[in-house]
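Text of my_file_33.cif, listed as mmCIF, C-alpha atoms:
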```cif
data_data
loop_
_atom_site.label_atom_id
_atom_site.label_comp_id
_atom_site.auth_asym_id
_atom_site.auth_seq_id
_atom_site.Cartn_x
_atom_site.Cartn_y
_atom_site.Cartn_z
CA MET A 155 -26.00 29.52 16.24
CA LEU A 156 -22.37 28.51 15.93
CA GLU A 157 -23.47 24.95 15.36
CA GLN A 158 -25.41 26.01 12.31
CA MET A 159 -22.35 27.73 10.94
CA THR A 160 -20.11 24.73 11.39
CA ALA A 161 -22.57 22.00 10.41
CA ARG A 162 -21.44 21.99 6.79
CA LEU A 163 -17.83 22.09 7.86
CA ASP A 164 -18.48 19.06 10.01
CA PHE A 165 -19.87 17.13 7.05
CA HIS A 166 -16.83 17.91 4.92
CA GLY A 167 -14.58 17.03 7.81
CA LYS A 168 -16.13 13.58 8.00
CA ALA A 169 -15.79 13.20 4.24
CA LEU A 170 -12.11 14.14 4.54
CA MET A 171 -11.52 11.55 7.25
CA LEU A 172 -13.17 8.86 5.12
CA ARG A 173 -11.16 9.89 2.09
CA SER A 174 -7.94 9.62 4.04
CA GLN A 175 -8.98 6.21 5.32
CA ARG A 176 -9.71 5.03 1.81
CA GLN A 177 -6.38 6.44 0.65
CA GLN A 178 -4.70 4.32 3.28
CA VAL A 179 -6.57 1.16 2.30
CA LEU A 180 -5.67 1.70 -1.35
CA ALA A 181 -2.03 2.32 -0.42
CA SER A 182 -2.03 -1.03 1.41
CA ASN A 183 -3.40 -2.74 -1.68
CA ILE A 184 -0.69 -1.21 -3.85
CA ALA A 185 1.98 -2.11 -1.30
CA ASN A 186 0.82 -5.74 -1.29
CA ALA A 187 0.54 -6.11 -5.06
CA ASP A 188 3.26 -8.79 -5.02
CA THR A 189 2.40 -10.54 -1.75
CA PRO A 190 1.15 -14.10 -2.25
CA GLY A 191 -2.29 -14.74 -0.80
CA TYR A 192 -3.12 -11.09 -0.12
CA VAL A 193 -6.76 -10.16 -0.64
CA ALA A 194 -7.40 -6.60 -1.83
CA ARG A 195 -9.73 -4.49 0.32
CA ASP A 196 -11.87 -1.44 -0.19
CA PHE A 197 -15.07 0.13 1.10
CA ASP A 198 -18.12 1.79 -0.37
CA PHE A 199 -17.42 5.46 0.18
CA ALA A 200 -20.98 6.69 -0.43
CA GLN A 201 -22.39 4.24 2.09
CA ALA A 202 -19.72 5.03 4.66
CA LEU A 203 -20.31 8.76 4.34
CA GLN A 204 -24.05 8.30 4.62
CA LYS A 205 -23.53 6.31 7.79
CA ALA A 206 -21.10 8.84 9.23
CA ALA A 207 -23.15 11.90 8.37
CA GLY A 208 -26.68 10.53 8.59
CA ALA A 209 -26.99 9.35 12.17
CA ASN A 210 -24.95 12.00 13.88
CA GLY A 211 -25.32 10.98 17.48
CA THR A 212 -25.68 7.24 17.20
CA ARG A 213 -22.72 6.52 14.92
CA ALA A 214 -20.09 8.41 16.82
CA THR A 215 -20.89 6.72 20.10
CA GLU A 216 -21.19 3.23 18.69
CA GLY A 217 -19.40 0.68 20.79
CA VAL A 218 -19.26 2.96 23.81
CA ALA A 219 -22.09 2.66 26.30
CA MET A 220 -23.29 5.79 28.10
CA THR A 221 -24.64 4.30 31.31
CA ASP A 222 -24.88 7.51 33.28
CA ALA A 223 -26.43 10.84 32.41
CA ARG A 224 -23.22 12.59 33.44
CA HIS A 225 -21.11 10.68 30.95
CA LEU A 226 -19.67 12.89 28.26
CA SER A 227 -20.89 12.24 24.74
CA LEU A 228 -18.21 11.11 22.33
CA GLN A 229 -19.86 12.99 19.50
CA GLY A 230 -17.40 15.19 17.68
CA GLY A 231 -14.48 13.57 19.46
CA PRO A 232 -11.22 12.63 17.81
CA GLY A 233 -12.50 9.18 16.85
CA SER A 234 -12.69 8.57 13.12
CA PRO A 235 -15.89 7.35 11.47
CA LYS A 236 -16.21 3.61 11.25
CA THR A 237 -16.03 1.92 7.90
CA ASP A 238 -17.11 -1.54 6.83
CA LEU A 239 -14.10 -2.91 5.01
CA ALA A 240 -14.99 -5.32 2.25
CA TYR A 241 -13.05 -7.37 -0.26
CA THR A 242 -12.72 -6.36 -3.88
CA VAL A 243 -13.88 -8.59 -6.70
CA GLN A 244 -11.04 -10.39 -8.39
CA THR A 245 -10.67 -9.47 -12.06
CA GLN A 246 -8.11 -12.06 -13.06
CA PRO A 247 -7.24 -15.23 -11.19
CA SER A 248 -3.58 -15.58 -10.25
CA GLN A 249 -1.46 -18.53 -9.20
CA ASP A 250 -0.43 -17.03 -5.87
CA ARG A 251 -4.05 -16.21 -4.83
CA ASN A 252 -3.32 -12.47 -4.80
CA THR A 253 -6.43 -10.52 -5.81
CA VAL A 254 -4.89 -7.06 -6.29
CA ASP A 255 -5.60 -5.54 -9.70
CA LEU A 256 -2.84 -2.96 -9.80
CA ASP A 257 -4.37 -0.92 -12.64
CA ARG A 258 -7.66 -0.62 -10.85
CA GLU A 259 -6.01 0.23 -7.55
CA ARG A 260 -3.91 2.96 -9.16
CA ALA A 261 -6.97 4.41 -10.87
CA ASN A 262 -8.86 4.36 -7.57
CA PHE A 263 -5.91 5.93 -5.81
CA VAL A 264 -5.71 8.84 -8.26
CA ASP A 265 -9.49 9.27 -8.15
CA ASN A 266 -9.43 9.33 -4.37
CA THR A 267 -6.56 11.84 -4.40
CA VAL A 268 -8.50 14.27 -6.57
CA ARG A 269 -11.61 13.90 -4.44
CA TYR A 270 -9.62 14.41 -1.25
CA GLU A 271 -8.24 17.64 -2.68
CA SER A 272 -11.68 18.81 -3.75
CA THR A 273 -13.02 18.17 -0.25
CA LEU A 274 -10.13 20.24 1.08
CA ARG A 275 -11.10 23.04 -1.29
CA PHE A 276 -14.71 22.89 -0.15
CA ILE A 277 -13.53 23.29 3.43
CA ASN A 278 -11.22 26.17 2.52
CA GLY A 279 -13.98 27.88 0.57
CA HIS A 280 -16.37 27.50 3.46
CA VAL A 281 -13.84 28.91 5.91
CA LYS A 282 -13.23 31.88 3.61
CA THR A 283 -16.96 32.50 3.31
CA MET A 284 -17.41 32.47 7.06
CA LEU A 285 -14.37 34.70 7.62
CA SER A 286 -15.64 37.27 5.17
CA ALA A 287 -19.04 37.15 6.89
CA ILE A 288 -17.41 37.67 10.27
CA THR A 289 -15.19 40.54 9.20
CA GLY A 290 -17.99 42.02 7.12
CA GLN A 291 -15.75 43.25 4.35
CA MET B 279 -4.27 10.23 11.83
CA SER B 280 -4.60 7.54 9.28
CA MET B 281 -2.85 9.26 6.38
CA PHE B 282 0.47 9.08 8.19
CA SER B 283 0.39 5.32 8.23
CA ILE B 284 0.60 5.39 4.43
CA PHE B 285 4.28 6.20 4.88
CA ASN B 286 4.72 3.12 7.06
CA VAL B 287 2.81 0.90 4.66
CA SER B 288 4.45 2.14 1.47
CA GLY B 289 7.82 2.43 3.20
CA SER B 290 7.70 -1.23 4.18
CA ALA B 291 6.76 -2.13 0.60
CA VAL B 292 9.61 -0.05 -0.80
CA SER B 293 12.13 -1.69 1.49
CA ALA B 294 10.79 -5.16 0.68
CA GLN B 295 11.03 -4.45 -3.04
CA ALA B 296 14.54 -3.08 -2.56
CA GLN B 297 15.50 -6.31 -0.86
CA ARG B 298 14.02 -8.23 -3.79
CA LEU B 299 16.10 -6.10 -6.17
CA ASN B 300 19.13 -6.84 -4.04
CA VAL B 301 18.55 -10.58 -4.33
CA VAL B 302 18.04 -10.27 -8.09
CA ALA B 303 21.30 -8.35 -8.33
CA SER B 304 23.23 -11.05 -6.50
CA ASN B 305 21.59 -13.75 -8.61
CA LEU B 306 22.54 -11.96 -11.83
CA ALA B 307 26.05 -11.29 -10.55
CA ASN B 308 26.49 -14.99 -9.85
CA ALA B 309 24.79 -16.21 -13.03
CA ASP B 310 28.07 -17.56 -14.37
CA ALA B 311 29.70 -18.42 -11.07
CA VAL B 312 31.11 -21.90 -10.89
CA ALA B 313 31.56 -22.21 -7.16
CA GLY B 314 30.24 -20.30 -4.17
CA PRO B 315 32.11 -19.62 -0.94
CA ASP B 316 31.31 -23.13 0.32
CA GLY B 317 32.68 -24.82 -2.78
CA GLN B 318 29.17 -25.67 -4.03
CA SER B 319 27.76 -23.91 -7.08
CA TYR B 320 25.68 -20.81 -6.37
CA LYS B 321 21.95 -21.38 -5.85
CA ALA B 322 19.48 -18.79 -7.13
CA ARG B 323 17.75 -16.96 -4.29
CA GLN B 324 14.22 -15.67 -4.10
CA VAL B 325 12.46 -13.52 -1.51
CA GLN B 326 9.05 -14.40 -0.10
CA PHE B 327 6.75 -11.56 0.80
CA GLN B 328 4.35 -11.58 3.70
CA THR B 329 1.64 -9.14 4.77
CA VAL B 330 2.21 -7.33 8.07
CA PRO B 331 -0.76 -5.65 9.78
CA MET B 332 0.06 -2.04 10.64
CA GLY B 333 -2.31 -0.46 13.10
CA GLY B 334 -5.77 -0.15 11.60
CA PRO B 335 -7.81 -2.90 9.95
CA GLY B 336 -7.24 -1.55 6.46
CA SER B 337 -3.52 -0.92 6.63
CA ALA B 338 -1.28 -3.77 5.65
CA GLY B 339 2.44 -3.49 5.03
CA VAL B 340 4.84 -5.98 3.54
CA LYS B 341 7.92 -7.68 4.82
CA VAL B 342 10.32 -10.22 3.45
CA GLN B 343 9.48 -13.42 5.28
CA THR B 344 12.32 -15.62 4.09
CA VAL B 345 14.88 -15.82 1.36
CA THR B 346 14.67 -19.25 -0.20
CA GLU B 347 17.26 -21.00 -2.34
CA SER B 348 16.22 -22.76 -5.50
CA ASP B 349 17.00 -26.48 -5.53
CA GLN B 350 17.04 -26.77 -9.30
CA PRO B 351 20.10 -28.64 -10.58
CA GLY B 352 22.91 -26.38 -11.74
CA ARG B 353 23.79 -25.87 -15.37
CA ARG B 354 26.47 -28.38 -16.43
CA THR B 355 28.91 -27.78 -19.24
CA TYR B 356 31.65 -29.99 -20.63
CA GLU B 357 34.98 -28.23 -20.02
CA PRO B 358 37.66 -30.79 -19.21
CA SER B 359 40.42 -28.18 -18.97
CA HIS B 360 38.55 -26.12 -16.38
CA PRO B 361 40.11 -26.25 -12.89
CA SER B 362 36.72 -26.98 -11.31
CA ALA B 363 35.84 -29.81 -13.69
CA ASP B 364 34.79 -33.08 -12.10
CA GLY B 365 36.07 -36.55 -12.99
CA GLU B 366 34.02 -36.71 -16.18
CA GLY B 367 35.12 -33.25 -17.30
CA TYR B 368 31.86 -31.45 -16.46
CA VAL B 369 31.67 -28.08 -14.69
CA THR B 370 28.58 -27.25 -12.64
CA HIS B 371 27.55 -23.62 -12.90
CA SER B 372 24.95 -21.81 -10.82
CA ASN B 373 21.26 -22.60 -11.42
CA VAL B 374 20.37 -18.95 -12.08
CA ASN B 375 18.10 -18.33 -15.04
CA PRO B 376 19.06 -14.83 -16.25
CA VAL B 377 15.80 -14.33 -18.19
CA GLU B 378 13.74 -15.07 -15.08
CA GLU B 379 15.88 -12.71 -13.06
CA MET B 380 15.48 -9.87 -15.56
CA VAL B 381 11.70 -10.27 -15.45
CA ASN B 382 11.85 -10.31 -11.66
CA MET B 383 13.97 -7.16 -11.72
CA ILE B 384 11.54 -5.25 -13.94
CA SER B 385 8.60 -6.30 -11.77
CA ALA B 386 10.41 -5.24 -8.59
CA SER B 387 11.43 -1.90 -10.01
CA ARG B 388 7.87 -1.14 -11.18
CA SER B 389 6.45 -2.00 -7.77
CA TYR B 390 9.10 0.18 -6.16
CA GLN B 391 8.12 3.10 -8.39
CA ASN B 392 4.44 2.56 -7.64
CA ASN B 393 5.01 2.78 -3.91
CA VAL B 394 7.23 5.84 -4.18
CA GLU B 395 4.47 7.48 -6.20
CA VAL B 396 1.94 6.61 -3.50
CA MET B 397 4.17 8.19 -0.86
CA ASN B 398 4.63 11.35 -2.93
CA THR B 399 0.88 11.68 -3.39
CA ALA B 400 0.24 11.16 0.32
CA LYS B 401 2.89 13.73 1.15
CA SER B 402 1.42 16.40 -1.11
CA LEU B 403 -2.07 15.70 0.26
CA LEU B 404 -0.84 16.04 3.84
CA LEU B 405 0.96 19.28 3.03
CA LYS B 406 -2.24 20.65 1.52
CA THR B 407 -4.15 19.52 4.60
CA LEU B 408 -1.70 21.41 6.77
CA GLN B 409 -2.63 24.60 4.93
CA MET B 410 -6.33 24.06 5.51
CA GLY B 411 -8.24 27.29 6.11
CA ASN B 412 -5.70 29.46 4.36
#
```
Would you mind writing the file's structure down as structure tokens?
Amino acid sequence: MLEQMTARLDFHGKALMLRSQRQQVLASNIANADTPGYVARDFDFAQALQKAAGANGTRATEGVAMTDARHLSLQGGPGSPKTDLAYTVQTQPSQDRNTVDLDRERANFVDNTVRYESTLRFINGHVKTMLSAITGQ
Amino acid sequence: MSMFSIFNVSGSAVSAQAQRLNVVASNLANADAVAGPDGQSYKARQVQFQTVPMGGPGSAGVKVQTVTESDQPGRRTYEPSHPSADGEGYVTHSNVNPVEEMVNMISASRSYQNNVEVMNTAKSLLLKTLQMGN
């Protein structure tokens, strides 16, 4: 019963974790905008979220073998969803082999910020809905 | 919590850019210097940035790897009455190119601003996350 109530919250929680990870990757790109030889990184958010949300049990325990029936499942643990980091496509070649496009990174950063905040609002709205259902007022 | 490492990443970038600004400032200050502390003319300095991995696979900070000195020949002017003039009456100034340094300064200050902006955004997001459920 409780699981049904929190299932949607769980989804938004995963989305929030992925958003914060992407925020961090974008911050690294912006930080390294002047570093020679740095290759900008990013990941496909939609794909990562699908992976994290789609296969609930299998994703969370990836990399950890459960060899005994008494082993605790890692599902829902503090571990963050895994992301496949890729490299961004270079828009303009530069002499120092740096592939950061600062304008694009800034745009992505702002976009990610807004989406992070909207995910937060979804969570808050959901919590409010559940609270009002619990108190019955 | 991965959002907190943004402060490390952007903080390292801010300090690296501040060091770059520092080097630009000393280059510009010595643009007309005739002799440095060792008697030689001042050589323009330049920082070299390097990526530093910080925790996760996607988080990369910056540090100043080395400060290199330019080996361009210094600017020579004919001033026979100058106390530092050589036998032929030429004075060797520093090899700083002020135009280059100004460009470098603007670039460093923009990057600094960018990273401060990133930190501000991360801070406001984290504060909003703290109030989750309210």
Closest contacts (chain A/chain B, max 7 Å, only C-alpha atoms) as CSV:
```
residue,atom,partner,partner_atom,distance
A:Ser174,CA,B:Met281,CA,5.6
A:Gln175,CA,B:Ser280,CA,6.1
A:Gln178,CA,B:Ile284,CA,5.5
A:Val179,CA,B:Gly336,CA,5.0
A:Ala181,CA,B:Ile284,CA,6.3
A:Ser182,CA,B:Ala338,CA,5.1
A:Ile184,CA,B:Asn393,CA,7.0
A:Ala185,CA,B:Ala291,CA,5.1
A:Asn186,CA,B:Val340,CA,6.3
A:Thr189,CA,B:Phe327,CA,5.1
A:Pro190,CA,B:Phe327,CA,6.9
A:Leu274,CA,B:Met410,CA,7.0
A:Asn278,CA,B:Gly411,CA,4.8
A:Val281,CA,B:Gly411,CA,5.8
```
### Query
Between B:Ser319, B:Thr370, B:Ser304, B:Gln343, which is the closest to B:Tyr356 once you count only C-alpha atoms?
B:Thr370
#### Entry: Close residues, B:Thr355 itself excluded, 10 Å, all atoms listed in the file, min 6 positions apart in chain, as a list in words
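So, after excluding close chain neighbours, the residues are Ala363, Gly367, Tyr368, Val369, Thr370 and His371 of chain B.
On the file presented, the PyMOL selection byres ((chain A and resi 257) around 12) picks out Leu180, Asn183, Ile184, Ala187, Thr245, Gln246, Thr253, Val254, Asp255, Leu256, Arg258, Glu259, Arg260, Ala261, Asn262, Phe263 and Val264 of chain A; Ser389 and Asn392 of chain B.
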### Task
Considering all atoms listed in the file, state which residue in the set A:Ser286, A:Gln244, A:Gln204, A:Thr267 is at the smallest distance from B:Lys401.
A:Thr267
### Task
Tell me which of B:Val374, B:Val301, B:Ser359, B:Leu405 sits closest to B:Thr344, counting only C-alpha atoms.
B:Val301
### Message
Between atom CA of B:Gly352 and atom CA of B:Ala309, what is the distance in Å, rounded to a tenth?
### Response
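Interatomic distance, atom CA of B:Gly352 to atom CA of B:Ala309: 10.4 Å.
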## Note on the structure
Pairwise distance, atom CA of B:Asn382 with atom CA of B:Asn308, equals 15.5 Å
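Reported to one decimal place, the separation of atom CA of A:Val268 from atom CA of A:Leu170 is 11.7 Å.
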Which residues match the PyMOL selection byres ((chain A and resi 198) around 10) in the file above, as a tab-separated table (two decimals) with C-alpha atoms, keeping the file's coordinate frame?
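Just written: out-v7.tsv:
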```tsv
chain	number	residue	atom	x	y	z
A	176	ARG	CA	-9.71	5.03	1.81
A	196	ASP	CA	-11.87	-1.44	-0.19
A	197	PHE	CA	-15.07	0.13	1.10
A	199	PHE	CA	-17.42	5.46	0.18
A	200	ALA	CA	-20.98	6.69	-0.43
A	201	GLN	CA	-22.39	4.24	2.09
A	202	ALA	CA	-19.72	5.03	4.66
A	203	LEU	CA	-20.31	8.76	4.34
A	237	THR	CA	-16.03	1.92	7.90
A	238	ASP	CA	-17.11	-1.54	6.83
A	239	LEU	CA	-14.10	-2.91	5.01
A	240	ALA	CA	-14.99	-5.32	2.25
```
### Task
Write out as a VMD selection string the residues lying within 12 Å of B:Ala307, counting all atoms listed in the file and excluding same-chain residues fewer than 4 positions away.
chain B and resid 300 to 303 311 to 312 314 320 to 323 372 374 to 376 379 to 380
Could the centre and edge lengths of an axis-aligned box, enclosing all atoms of stretch 247-266 of chain A in the file with 8 Å extra on each side, be given in Å to one decimal as AutoDock Vina command-line options?
```
--center_x -5.0 --center_y -4.6 --center_z -8.5 --size_x 25.1 --size_y 43.9 --size_z 24.3
```
### Task
Give the answer as one residue: which of A:Val193, A:Arg224, A:Gly208, A:Met284 has the shortest atom-to-atom distance to A:Pro247, using only C-alpha atoms?
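Closest candidate: A:Val193.
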### Query
Quick one: residues within 12 Å of A:Thr160, all atoms listed in the file counted, chain neighbours fewer than 6 positions away excluded, as a PyMOL selection string?
chain A and resi 166-167+230+277+280-281+283-284
### Message
I'd like the neighbourhood of A:Phe165 as a list in words, where a residue qualifies if any of its atoms comes within 7 Å (using only C-alpha atoms), though same-chain residues fewer than 4 positions away should be ignored.
### Response
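Within the cut-off, the hits are Ala161, Ala169 and Ala207 of chain A.
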### Task
Find the residue from A:Gln158, A:Gln249, A:Gln177, A:Gln291 that sits nearest to A:Tyr270; use all atoms listed in the file when measuring.
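The closest residue to A:Tyr270 is A:Gln177.
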